[in-house]
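Engineer: Next comes coords_36.txt, compact mmCIF, C-alpha atoms:
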# COMPACT_ATOMS: atom_id res chain seq x y z
CA MET A 20 -74.29 -32.58 9.50
CA LEU A 21 -72.41 -34.82 7.15
CA GLY A 22 -69.16 -32.90 6.93
CA ARG A 23 -67.19 -33.40 3.77
CA LEU A 24 -68.49 -36.81 2.84
CA TYR A 25 -70.04 -35.54 -0.35
CA GLU A 26 -66.94 -33.65 -1.44
CA ASN A 27 -66.90 -35.31 -4.84
CA GLN A 28 -70.60 -34.57 -5.32
CA GLU A 29 -70.64 -31.18 -6.93
CA CYS A 30 -74.40 -30.76 -7.27
CA SER A 31 -76.35 -28.33 -5.14
CA ALA A 32 -78.66 -31.01 -3.76
CA ALA A 33 -75.60 -32.77 -2.37
CA ARG A 34 -74.30 -29.50 -0.92
CA ALA A 35 -77.66 -28.88 0.72
CA LEU A 36 -77.63 -32.41 2.17
CA GLU A 37 -74.23 -31.70 3.70
CA LEU A 38 -76.00 -29.12 5.84
CA VAL A 39 -79.33 -30.79 6.49
CA GLY A 40 -79.04 -34.44 5.45
CA GLU A 41 -78.60 -35.77 8.95
CA ARG A 42 -81.61 -37.57 10.32
CA TRP A 43 -82.74 -35.05 12.90
CA SER A 44 -81.78 -31.85 11.14
CA LEU A 45 -84.88 -31.35 9.03
CA LEU A 46 -87.17 -32.12 11.96
CA ILE A 47 -85.42 -29.56 14.16
CA LEU A 48 -85.75 -27.02 11.35
CA ARG A 49 -89.39 -27.98 10.88
CA ASP A 50 -90.11 -27.19 14.52
CA ALA A 51 -88.25 -23.89 14.24
CA MET A 52 -90.10 -22.94 11.04
CA PHE A 53 -93.61 -24.03 11.73
CA ARG A 54 -93.89 -24.20 15.50
CA ASN A 55 -91.73 -21.13 16.10
CA TYR A 56 -89.61 -23.03 18.58
CA THR A 57 -86.44 -21.21 19.62
CA ARG A 58 -85.46 -22.88 22.90
CA PHE A 59 -83.33 -25.94 23.48
CA LEU A 60 -85.93 -27.52 25.75
CA GLN A 61 -88.72 -26.98 23.22
CA PHE A 62 -86.84 -28.92 20.57
CA GLN A 63 -85.84 -31.61 23.02
CA LYS A 64 -89.37 -32.14 24.26
CA SER A 65 -90.84 -32.15 20.76
CA LEU A 66 -88.40 -34.61 19.26
CA GLY A 67 -87.29 -36.75 22.19
CA ILE A 68 -83.73 -36.26 20.94
CA ALA A 69 -80.69 -36.85 23.15
CA PRO A 70 -79.44 -33.52 24.58
CA ASN A 71 -75.87 -33.98 23.33
CA ILE A 72 -77.09 -34.66 19.78
CA LEU A 73 -79.48 -31.72 19.84
CA ALA A 74 -76.75 -29.42 21.16
CA LYS A 75 -74.46 -30.50 18.33
CA ARG A 76 -77.14 -29.97 15.69
CA LEU A 77 -77.99 -26.48 16.91
CA GLU A 78 -74.31 -25.59 17.09
CA ASP A 79 -73.85 -26.87 13.54
CA PHE A 80 -76.84 -24.85 12.33
CA VAL A 81 -75.33 -21.71 13.82
CA ALA A 82 -71.95 -22.48 12.21
CA ALA A 83 -73.66 -23.08 8.85
CA GLY A 84 -75.61 -19.82 9.08
CA LEU A 85 -79.02 -21.49 9.33
CA MET A 86 -79.64 -20.15 12.83
CA GLU A 87 -78.45 -17.32 15.02
CA HIS A 88 -77.66 -17.93 18.64
CA ARG A 89 -78.99 -15.14 20.79
CA GLN A 90 -77.49 -15.17 24.26
CA PRO A 91 -79.75 -14.56 27.23
CA GLY A 92 -79.87 -10.98 28.47
CA ILE A 93 -78.67 -9.85 31.87
CA SER A 94 -82.13 -10.68 33.16
CA GLY A 95 -81.23 -14.35 32.64
CA GLY A 96 -83.32 -16.96 30.86
CA GLN A 97 -82.36 -19.41 28.15
CA ALA A 98 -80.48 -18.67 24.96
CA ASP A 99 -82.56 -18.55 21.79
CA TYR A 100 -81.91 -20.22 18.46
CA LEU A 101 -83.46 -18.14 15.71
CA LEU A 102 -83.71 -19.10 12.04
CA THR A 103 -81.89 -16.92 9.56
CA GLN A 104 -83.29 -16.24 6.09
CA LYS A 105 -81.00 -19.02 4.83
CA GLY A 106 -82.58 -21.43 7.28
CA LEU A 107 -86.09 -20.15 6.72
CA GLU A 108 -85.91 -20.82 3.00
CA LEU A 109 -85.56 -24.54 3.67
CA LYS A 110 -89.32 -24.36 4.24
CA ALA A 111 -89.79 -25.38 0.63
CA VAL A 112 -87.91 -28.63 1.28
CA ILE A 113 -90.10 -29.43 4.28
CA MET A 114 -93.17 -28.59 2.20
CA THR A 115 -92.24 -30.92 -0.67
CA LEU A 116 -91.38 -33.72 1.77
CA THR A 117 -94.73 -33.20 3.48
CA ALA A 118 -96.69 -33.17 0.22
CA TRP A 119 -94.99 -36.39 -0.85
CA GLY A 120 -95.59 -38.07 2.51
CA ASP A 121 -99.24 -36.96 2.48
CA LYS A 122 -99.74 -38.55 -0.91
CA TRP A 123 -97.60 -41.65 -0.76
CA VAL A 124 -97.32 -42.67 2.90
CA ARG A 125 -100.47 -41.34 4.53
CA PRO A 126 -102.14 -37.97 5.01
CA GLY A 127 -100.49 -36.12 7.87
CA PRO A 128 -102.04 -33.65 10.30
CA ILE A 129 -100.58 -30.49 8.77
CA VAL A 130 -101.65 -28.22 5.93
CA PHE A 131 -99.79 -25.16 4.75
CA ARG A 132 -101.56 -21.81 4.60
CA ASN A 133 -100.89 -18.23 3.73
CA GLY A 134 -100.48 -16.53 7.10
CA ALA A 135 -102.33 -13.38 6.07
CA ASP A 136 -105.62 -14.92 4.89
CA ASP A 137 -105.35 -18.62 5.79
CA GLN A 138 -105.73 -19.69 2.15
CA PRO A 139 -104.21 -23.06 1.16
CA ILE A 140 -100.77 -22.96 -0.44
CA GLU A 141 -99.08 -25.28 -2.90
CA LEU A 142 -95.68 -25.71 -4.47
CA GLN A 143 -96.42 -25.87 -8.16
CA LEU A 144 -94.14 -27.01 -10.94
CA ARG A 145 -94.29 -24.48 -13.78
CA LEU A 146 -92.33 -23.15 -16.71
CA ALA A 147 -90.19 -20.35 -15.30
CA ASP A 148 -91.32 -17.73 -17.79
CA GLY A 149 -95.05 -18.28 -17.56
CA ASN A 150 -97.93 -20.06 -15.94
CA THR A 151 -97.78 -23.36 -17.78
CA PRO A 152 -97.93 -26.30 -15.36
CA VAL A 153 -95.32 -29.03 -15.84
CA ASP A 154 -95.67 -32.70 -14.96
CA VAL A 155 -92.96 -34.05 -12.69
CA ALA A 156 -92.26 -36.87 -15.14
CA ASP A 157 -91.28 -34.31 -17.79
CA VAL A 158 -88.57 -32.61 -15.73
CA VAL A 159 -85.02 -33.29 -16.87
CA ALA A 160 -81.68 -32.09 -15.50
CA ARG A 161 -79.20 -30.33 -17.79
CA ARG A 162 -75.72 -28.97 -17.29
CA ARG A 163 -75.89 -25.26 -16.67
CA MET B 17 -83.61 -45.89 5.92
CA LEU B 18 -84.26 -44.82 9.45
CA GLY B 19 -86.69 -47.52 10.46
CA ARG B 20 -89.11 -46.62 13.21
CA LEU B 21 -87.05 -43.91 14.84
CA TYR B 22 -89.62 -41.26 14.10
CA GLU B 23 -92.57 -43.29 15.32
CA ASN B 24 -93.74 -40.51 17.61
CA GLN B 25 -93.44 -37.99 14.80
CA GLU B 26 -96.80 -38.08 13.12
CA CYS B 27 -96.17 -35.48 10.44
CA SER B 28 -95.75 -36.40 6.81
CA ALA B 29 -92.32 -34.82 6.50
CA ALA B 30 -91.13 -37.17 9.25
CA ARG B 31 -92.76 -40.12 7.49
CA ALA B 32 -91.03 -39.15 4.25
CA LEU B 33 -87.70 -38.89 6.07
CA GLU B 34 -88.18 -42.43 7.37
CA LEU B 35 -87.92 -43.54 3.77
CA VAL B 36 -85.35 -41.13 2.39
CA GLY B 37 -83.71 -39.37 5.33
CA GLU B 38 -80.58 -41.48 5.28
CA ARG B 39 -77.51 -39.71 3.98
CA TRP B 40 -77.13 -41.55 0.68
CA SER B 41 -80.75 -42.15 -0.18
CA LEU B 42 -81.57 -38.87 -1.88
CA LEU B 43 -78.37 -38.98 -3.92
CA ILE B 44 -79.14 -42.48 -5.17
CA LEU B 45 -82.64 -41.32 -6.09
CA ARG B 46 -81.21 -38.23 -7.76
CA ASP B 47 -79.07 -40.41 -10.02
CA ALA B 48 -82.05 -42.62 -10.80
CA MET B 49 -84.28 -39.63 -11.58
CA PHE B 50 -82.00 -37.34 -13.47
CA ARG B 51 -79.26 -39.57 -14.84
CA ASN B 52 -81.57 -42.47 -15.59
CA TYR B 53 -79.28 -44.87 -13.77
CA THR B 54 -80.76 -48.31 -13.19
CA ARG B 55 -77.74 -50.52 -12.54
CA PHE B 56 -75.95 -51.27 -9.32
CA LEU B 57 -72.55 -50.45 -10.82
CA GLN B 58 -73.78 -47.12 -12.20
CA PHE B 59 -74.82 -45.94 -8.74
CA GLN B 60 -71.68 -47.30 -7.17
CA LYS B 61 -69.40 -45.55 -9.64
CA SER B 62 -71.29 -42.27 -9.44
CA LEU B 63 -71.40 -42.06 -5.65
CA GLY B 64 -68.32 -43.98 -4.52
CA ILE B 65 -70.59 -45.71 -2.01
CA ALA B 66 -69.64 -49.00 -0.31
CA PRO B 67 -71.31 -51.94 -2.12
CA ASN B 68 -72.93 -53.33 1.02
CA ILE B 69 -74.48 -49.96 1.86
CA LEU B 70 -75.68 -49.44 -1.69
CA ALA B 71 -77.19 -52.93 -1.80
CA LYS B 72 -79.07 -52.24 1.42
CA ARG B 73 -80.38 -48.89 0.17
CA LEU B 74 -81.64 -50.36 -3.10
CA GLU B 75 -83.25 -53.25 -1.26
CA ASP B 76 -84.92 -50.79 1.13
CA PHE B 77 -86.17 -48.70 -1.80
CA VAL B 78 -87.75 -51.78 -3.33
CA ALA B 79 -89.34 -52.73 0.01
CA ALA B 80 -90.70 -49.19 0.38
CA GLY B 81 -92.13 -49.17 -3.14
CA LEU B 82 -89.79 -46.45 -4.45
CA MET B 83 -88.14 -48.80 -6.94
CA GLU B 84 -88.93 -52.02 -8.73
CA HIS B 85 -86.32 -54.69 -9.03
CA ARG B 86 -86.35 -56.18 -12.50
CA GLN B 87 -84.46 -59.47 -12.65
CA PRO B 88 -82.16 -60.13 -15.58
CA GLY B 89 -83.67 -62.16 -18.40
CA ILE B 90 -82.50 -65.59 -19.46
CA SER B 91 -79.99 -63.87 -21.70
CA GLY B 92 -78.18 -62.79 -18.54
CA GLY B 93 -77.00 -59.29 -17.67
CA GLN B 94 -77.50 -57.29 -14.51
CA ALA B 95 -80.70 -56.69 -12.62
CA ASP B 96 -82.28 -53.27 -13.03
CA TYR B 97 -83.61 -50.94 -10.34
CA LEU B 98 -86.38 -48.83 -11.82
CA LEU B 99 -88.13 -45.92 -10.11
CA THR B 100 -91.83 -46.29 -9.45
CA GLN B 101 -94.20 -43.31 -9.65
CA LYS B 102 -93.89 -43.05 -5.86
CA GLY B 103 -90.12 -42.76 -6.20
CA LEU B 104 -90.28 -40.47 -9.21
CA GLU B 105 -92.40 -37.93 -7.37
CA LEU B 106 -89.57 -37.31 -4.93
CA LYS B 107 -88.14 -35.22 -7.77
CA ALA B 108 -89.75 -32.18 -6.20
CA VAL B 109 -87.71 -32.74 -3.02
CA ILE B 110 -84.48 -32.93 -5.01
CA MET B 111 -85.50 -29.80 -6.91
CA THR B 112 -86.15 -27.75 -3.78
CA LEU B 113 -82.89 -28.94 -2.21
CA THR B 114 -81.06 -27.98 -5.40
CA ALA B 115 -82.68 -24.55 -5.61
CA TRP B 116 -81.77 -23.87 -1.99
CA GLY B 117 -78.17 -25.07 -2.46
CA ASP B 118 -77.82 -22.99 -5.64
CA LYS B 119 -78.88 -19.88 -3.77
CA TRP B 120 -77.36 -20.36 -0.33
CA VAL B 121 -74.31 -22.55 -0.76
CA ARG B 122 -73.15 -21.98 -4.31
CA PRO B 123 -74.56 -22.33 -7.81
CA GLY B 124 -74.39 -25.95 -8.88
CA PRO B 125 -73.91 -27.36 -12.36
CA ILE B 126 -77.52 -28.44 -12.92
CA VAL B 127 -80.63 -26.67 -14.16
CA PHE B 128 -84.05 -28.23 -14.50
CA ARG B 129 -85.84 -28.13 -17.83
CA ASN B 130 -89.04 -29.26 -19.42
CA GLY B 131 -88.03 -32.35 -21.42
CA ALA B 132 -90.27 -31.52 -24.38
CA ASP B 133 -89.02 -28.01 -25.18
CA ASP B 134 -86.03 -27.47 -22.88
CA GLN B 135 -87.64 -24.48 -21.18
CA PRO B 136 -86.53 -23.66 -17.62
CA ILE B 137 -88.72 -24.96 -14.81
CA GLU B 138 -89.36 -23.69 -11.31
CA LEU B 139 -91.18 -24.81 -8.21
CA GLN B 140 -93.32 -21.84 -7.32
CA LEU B 141 -95.14 -21.16 -4.09
CA ARG B 142 -98.70 -20.09 -4.87
CA LEU B 143 -102.16 -19.95 -3.41
CA ALA B 144 -103.74 -23.29 -4.27
CA ASP B 145 -106.84 -21.80 -5.91
CA GLY B 146 -105.17 -19.27 -8.15
CA ASN B 147 -102.00 -17.78 -9.49
CA THR B 148 -101.07 -15.53 -6.60
CA PRO B 149 -97.42 -15.99 -5.60
CA VAL B 150 -96.71 -16.45 -1.89
CA ASP B 151 -93.54 -15.51 -0.04
CA VAL B 152 -91.93 -18.33 1.89
CA ALA B 153 -91.90 -16.21 5.03
CA ASP B 154 -95.70 -16.04 4.96
CA VAL B 155 -96.28 -19.80 4.98
CA VAL B 156 -97.70 -21.18 8.21
CA ALA B 157 -98.61 -24.74 9.21
CA ARG B 158 -102.08 -25.52 10.52
CA ARG B 159 -103.71 -28.66 11.82
CA ARG B 160 -105.76 -30.25 9.08
Can you present the structure in this file as structure tokens?
Structural biologist:
Amino acid sequence: MLGRLYENQECSAARALELVGERWSLLILRDAMFRNYTRFLQFQKSLGIAPNILAKRLEDFVAAGLMEHRQPGISGGQADYLLTQKGLELKAVIMTLTAWGDKWVRPGPIVFRNGADDQPIELQLRLADGNTPVDVADVVARRR
Amino acid sequence: MLGRLYENQECSAARALELVGERWSLLILRDAMFRNYTRFLQFQKSLGIAPNILAKRLEDFVAAGLMEHRQPGISGGQADYLLTQKGLELKAVIMTLTAWGDKWVRPGPIVFRNGADDQPIELQLRLADGNTPVDVADVVARRR
């Protein structure tokens, strides 16, 4: 988490980076989203991240509403960290990062599929009111 | 830039984060993409970033092929930092971060439009071979 460093940056991308701009955050979320990891030790083993840093990230995710912390039941066991809808919807960010890395760095080992029928999925840039594809070079930002 | 910290992370999202995972990187790229900034002082003024950090980021972007460094001509003036196609295509990452921040943090001041006709633009999740929309909850990751 970056705290209030972007306070003078009013745009939503900056606000989103406040929550997930830290170096490990998106990789922890990736493992939660796409590997269904929920346990501290799963994240730690996957990422090789220092326990104190991982603990802080998970705690920050809970505070930011990206995850829920489910305490272990009376039968014992570890606490779970479960993505909320808010956290889950960061999938699109992971997907665009992955698509870019596949194209411009090198093809990675992962493809995204529709869970129900295993068909390939894409994030497509289109006019909002129709099906017309838009080239990334043509996208401009305007004041709302 | 994060250097080789993610070496054991083979996925493309991790590779992309190696290049743009640092806290300021995506905001510098945002200003280059959507405000058409090319000058050192433009970025510095916009972000309030320390000059030595900004200089390092721009240098790293050039080294990573995200920007080209155009030297000033014999008439003088400042050097320009121009996005390459590789850098430009990170627009989709900024757009998904912005859409998420608009929805889950608060609506920001920016909307994305098609430059030619000013129509609203969206990144839509669809089956790759057709027009069927896909819900983000249904997306799974598979080994290629």
Engineer: Compare A:Lys75, A:Arg161, A:Arg49, A:His88 by their minimum atom-to-atom distance to Thr117 of chain A, counting all atoms listed in the file, and give me the closest one.
Structural biologist: A:Arg49
Engineer: By how many Å are atom CA of Cys27 of chain B and atom CA of Met114 of chain A apart?
Structural biologist: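 Taking atom CA of Cys27 of chain B and atom CA of Met114 of chain A, their separation equals 11.2 Å.
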Engineer: Take every atom of segment 116-123 of chain A listed in the file, pad by 3 Å on each side, and give me the axis-aligned box centre and edge lengths in Å, one decimal, as JSON.
Structural biologist:
{"center_x": -95.6, "center_y": -37.4, "center_z": 1.3, "size_x": 14.4, "size_y": 14.5, "size_z": 10.4}
Engineer: To one decimal in Å, tell me the separation between atom CA of Glu37 of chain A and atom CA of Leu116 of chain A.
Structural biologist: 17.4 Å
Engineer: Counting only C-alpha atoms, which residues of chain A come no farther than 6 Å from chain B, as an MDAnalysis selection string?
Structural biologist: chainID A and resid 30:32 35 40 42 53 112 115:117 120:121 127:134 139:147 157:163
Engineer: Can you give chain A as a compact mmCIF listing (two decimals) with C-alpha atoms, keeping the file's coordinate frame after you superpose it on chain B, pairing all C-alpha atoms in order for the least-squares fit?
Structural biologist:
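This went into superposed_3.txt:
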# COMPACT_ATOMS: atom_id res chain seq x y z
CA MET A 20 -83.66 -45.86 5.93
CA LEU A 21 -84.32 -44.80 9.47
CA GLY A 22 -86.75 -47.51 10.49
CA ARG A 23 -89.15 -46.59 13.23
CA LEU A 24 -87.09 -43.92 14.90
CA TYR A 25 -89.62 -41.24 14.12
CA GLU A 26 -92.57 -43.27 15.35
CA ASN A 27 -93.76 -40.49 17.63
CA GLN A 28 -93.45 -37.95 14.81
CA GLU A 29 -96.80 -38.06 13.13
CA CYS A 30 -96.17 -35.47 10.43
CA SER A 31 -95.76 -36.40 6.80
CA ALA A 32 -92.33 -34.81 6.51
CA ALA A 33 -91.14 -37.16 9.25
CA ARG A 34 -92.76 -40.12 7.49
CA ALA A 35 -91.04 -39.16 4.26
CA LEU A 36 -87.70 -38.89 6.08
CA GLU A 37 -88.19 -42.42 7.39
CA LEU A 38 -87.94 -43.54 3.78
CA VAL A 39 -85.36 -41.14 2.39
CA GLY A 40 -83.69 -39.38 5.33
CA GLU A 41 -80.57 -41.49 5.29
CA ARG A 42 -77.52 -39.74 3.96
CA TRP A 43 -77.13 -41.55 0.67
CA SER A 44 -80.76 -42.16 -0.17
CA LEU A 45 -81.57 -38.88 -1.86
CA LEU A 46 -78.37 -38.99 -3.92
CA ILE A 47 -79.15 -42.50 -5.16
CA LEU A 48 -82.65 -41.33 -6.07
CA ARG A 49 -81.21 -38.25 -7.75
CA ASP A 50 -79.06 -40.42 -10.00
CA ALA A 51 -82.04 -42.64 -10.80
CA MET A 52 -84.27 -39.64 -11.57
CA PHE A 53 -82.00 -37.36 -13.47
CA ARG A 54 -79.25 -39.57 -14.84
CA ASN A 55 -81.57 -42.49 -15.59
CA TYR A 56 -79.27 -44.87 -13.77
CA THR A 57 -80.76 -48.31 -13.17
CA ARG A 58 -77.73 -50.53 -12.55
CA PHE A 59 -75.93 -51.26 -9.31
CA LEU A 60 -72.54 -50.45 -10.82
CA GLN A 61 -73.76 -47.11 -12.18
CA PHE A 62 -74.82 -45.96 -8.74
CA GLN A 63 -71.66 -47.29 -7.15
CA LYS A 64 -69.39 -45.55 -9.61
CA SER A 65 -71.30 -42.27 -9.40
CA LEU A 66 -71.40 -42.06 -5.63
CA GLY A 67 -68.33 -43.97 -4.49
CA ILE A 68 -70.59 -45.71 -1.98
CA ALA A 69 -69.63 -48.99 -0.30
CA PRO A 70 -71.29 -51.93 -2.12
CA ASN A 71 -72.91 -53.35 1.03
CA ILE A 72 -74.48 -49.97 1.87
CA LEU A 73 -75.68 -49.44 -1.69
CA ALA A 74 -77.17 -52.94 -1.80
CA LYS A 75 -79.05 -52.25 1.43
CA ARG A 76 -80.37 -48.91 0.18
CA LEU A 77 -81.63 -50.36 -3.09
CA GLU A 78 -83.24 -53.26 -1.25
CA ASP A 79 -84.91 -50.80 1.12
CA PHE A 80 -86.17 -48.71 -1.81
CA VAL A 81 -87.74 -51.80 -3.35
CA ALA A 82 -89.34 -52.74 -0.01
CA ALA A 83 -90.68 -49.19 0.38
CA GLY A 84 -92.12 -49.18 -3.14
CA LEU A 85 -89.78 -46.47 -4.44
CA MET A 86 -88.13 -48.81 -6.94
CA GLU A 87 -88.92 -52.03 -8.73
CA HIS A 88 -86.31 -54.71 -9.04
CA ARG A 89 -86.33 -56.20 -12.50
CA GLN A 90 -84.43 -59.47 -12.66
CA PRO A 91 -82.14 -60.10 -15.60
CA GLY A 92 -83.68 -62.09 -18.45
CA ILE A 93 -82.51 -65.51 -19.54
CA SER A 94 -80.02 -63.74 -21.78
CA GLY A 95 -78.18 -62.72 -18.60
CA GLY A 96 -76.99 -59.24 -17.70
CA GLN A 97 -77.47 -57.25 -14.52
CA ALA A 98 -80.69 -56.69 -12.64
CA ASP A 99 -82.27 -53.26 -13.03
CA TYR A 100 -83.60 -50.94 -10.36
CA LEU A 101 -86.37 -48.83 -11.82
CA LEU A 102 -88.13 -45.93 -10.10
CA THR A 103 -91.82 -46.29 -9.44
CA GLN A 104 -94.19 -43.32 -9.64
CA LYS A 105 -93.87 -43.06 -5.84
CA GLY A 106 -90.12 -42.76 -6.18
CA LEU A 107 -90.28 -40.49 -9.20
CA GLU A 108 -92.40 -37.94 -7.36
CA LEU A 109 -89.55 -37.31 -4.93
CA LYS A 110 -88.14 -35.22 -7.78
CA ALA A 111 -89.74 -32.19 -6.19
CA VAL A 112 -87.70 -32.74 -3.02
CA ILE A 113 -84.47 -32.95 -5.01
CA MET A 114 -85.49 -29.82 -6.92
CA THR A 115 -86.15 -27.76 -3.79
CA LEU A 116 -82.88 -28.95 -2.22
CA THR A 117 -81.06 -28.00 -5.41
CA ALA A 118 -82.68 -24.56 -5.63
CA TRP A 119 -81.75 -23.88 -2.01
CA GLY A 120 -78.18 -25.08 -2.48
CA ASP A 121 -77.82 -23.00 -5.66
CA LYS A 122 -78.89 -19.89 -3.79
CA TRP A 123 -77.36 -20.34 -0.38
CA VAL A 124 -74.29 -22.56 -0.78
CA ARG A 125 -73.12 -21.98 -4.34
CA PRO A 126 -74.55 -22.36 -7.83
CA GLY A 127 -74.37 -25.98 -8.90
CA PRO A 128 -73.92 -27.39 -12.39
CA ILE A 129 -77.52 -28.48 -12.94
CA VAL A 130 -80.63 -26.70 -14.17
CA PHE A 131 -84.05 -28.25 -14.51
CA ARG A 132 -85.86 -28.14 -17.84
CA ASN A 133 -89.06 -29.28 -19.42
CA GLY A 134 -88.06 -32.35 -21.41
CA ALA A 135 -90.30 -31.54 -24.36
CA ASP A 136 -89.06 -28.02 -25.17
CA ASP A 137 -86.05 -27.50 -22.89
CA GLN A 138 -87.67 -24.49 -21.19
CA PRO A 139 -86.53 -23.68 -17.63
CA ILE A 140 -88.73 -24.98 -14.82
CA GLU A 141 -89.35 -23.69 -11.32
CA LEU A 142 -91.16 -24.79 -8.20
CA GLN A 143 -93.32 -21.83 -7.33
CA LEU A 144 -95.12 -21.14 -4.09
CA ARG A 145 -98.69 -20.07 -4.87
CA LEU A 146 -102.16 -19.94 -3.41
CA ALA A 147 -103.75 -23.28 -4.27
CA ASP A 148 -106.84 -21.81 -5.89
CA GLY A 149 -105.17 -19.26 -8.13
CA ASN A 150 -102.01 -17.77 -9.47
CA THR A 151 -101.07 -15.51 -6.58
CA PRO A 152 -97.42 -15.96 -5.60
CA VAL A 153 -96.71 -16.44 -1.89
CA ASP A 154 -93.54 -15.49 -0.03
CA VAL A 155 -91.93 -18.32 1.90
CA ALA A 156 -91.90 -16.20 5.05
CA ASP A 157 -95.71 -16.02 4.95
CA VAL A 158 -96.29 -19.78 4.97
CA VAL A 159 -97.69 -21.18 8.20
CA ALA A 160 -98.60 -24.74 9.21
CA ARG A 161 -102.08 -25.52 10.52
CA ARG A 162 -103.72 -28.66 11.81
CA ARG A 163 -105.75 -30.25 9.06
Engineer: Using only C-alpha atoms, determine which residues lie at most 8 Å from Arg89 of chain A, disregarding the query and same-chain residues fewer than 3 positions distant; provide the list as a ChimeraX atom specification.
Structural biologist: /A:98-101
Engineer: Quick one: distance from atom CA of Gln94 of chain B to atom CA of Gln60 of chain B in Å, one decimal?
Structural biologist: 13.7 Å
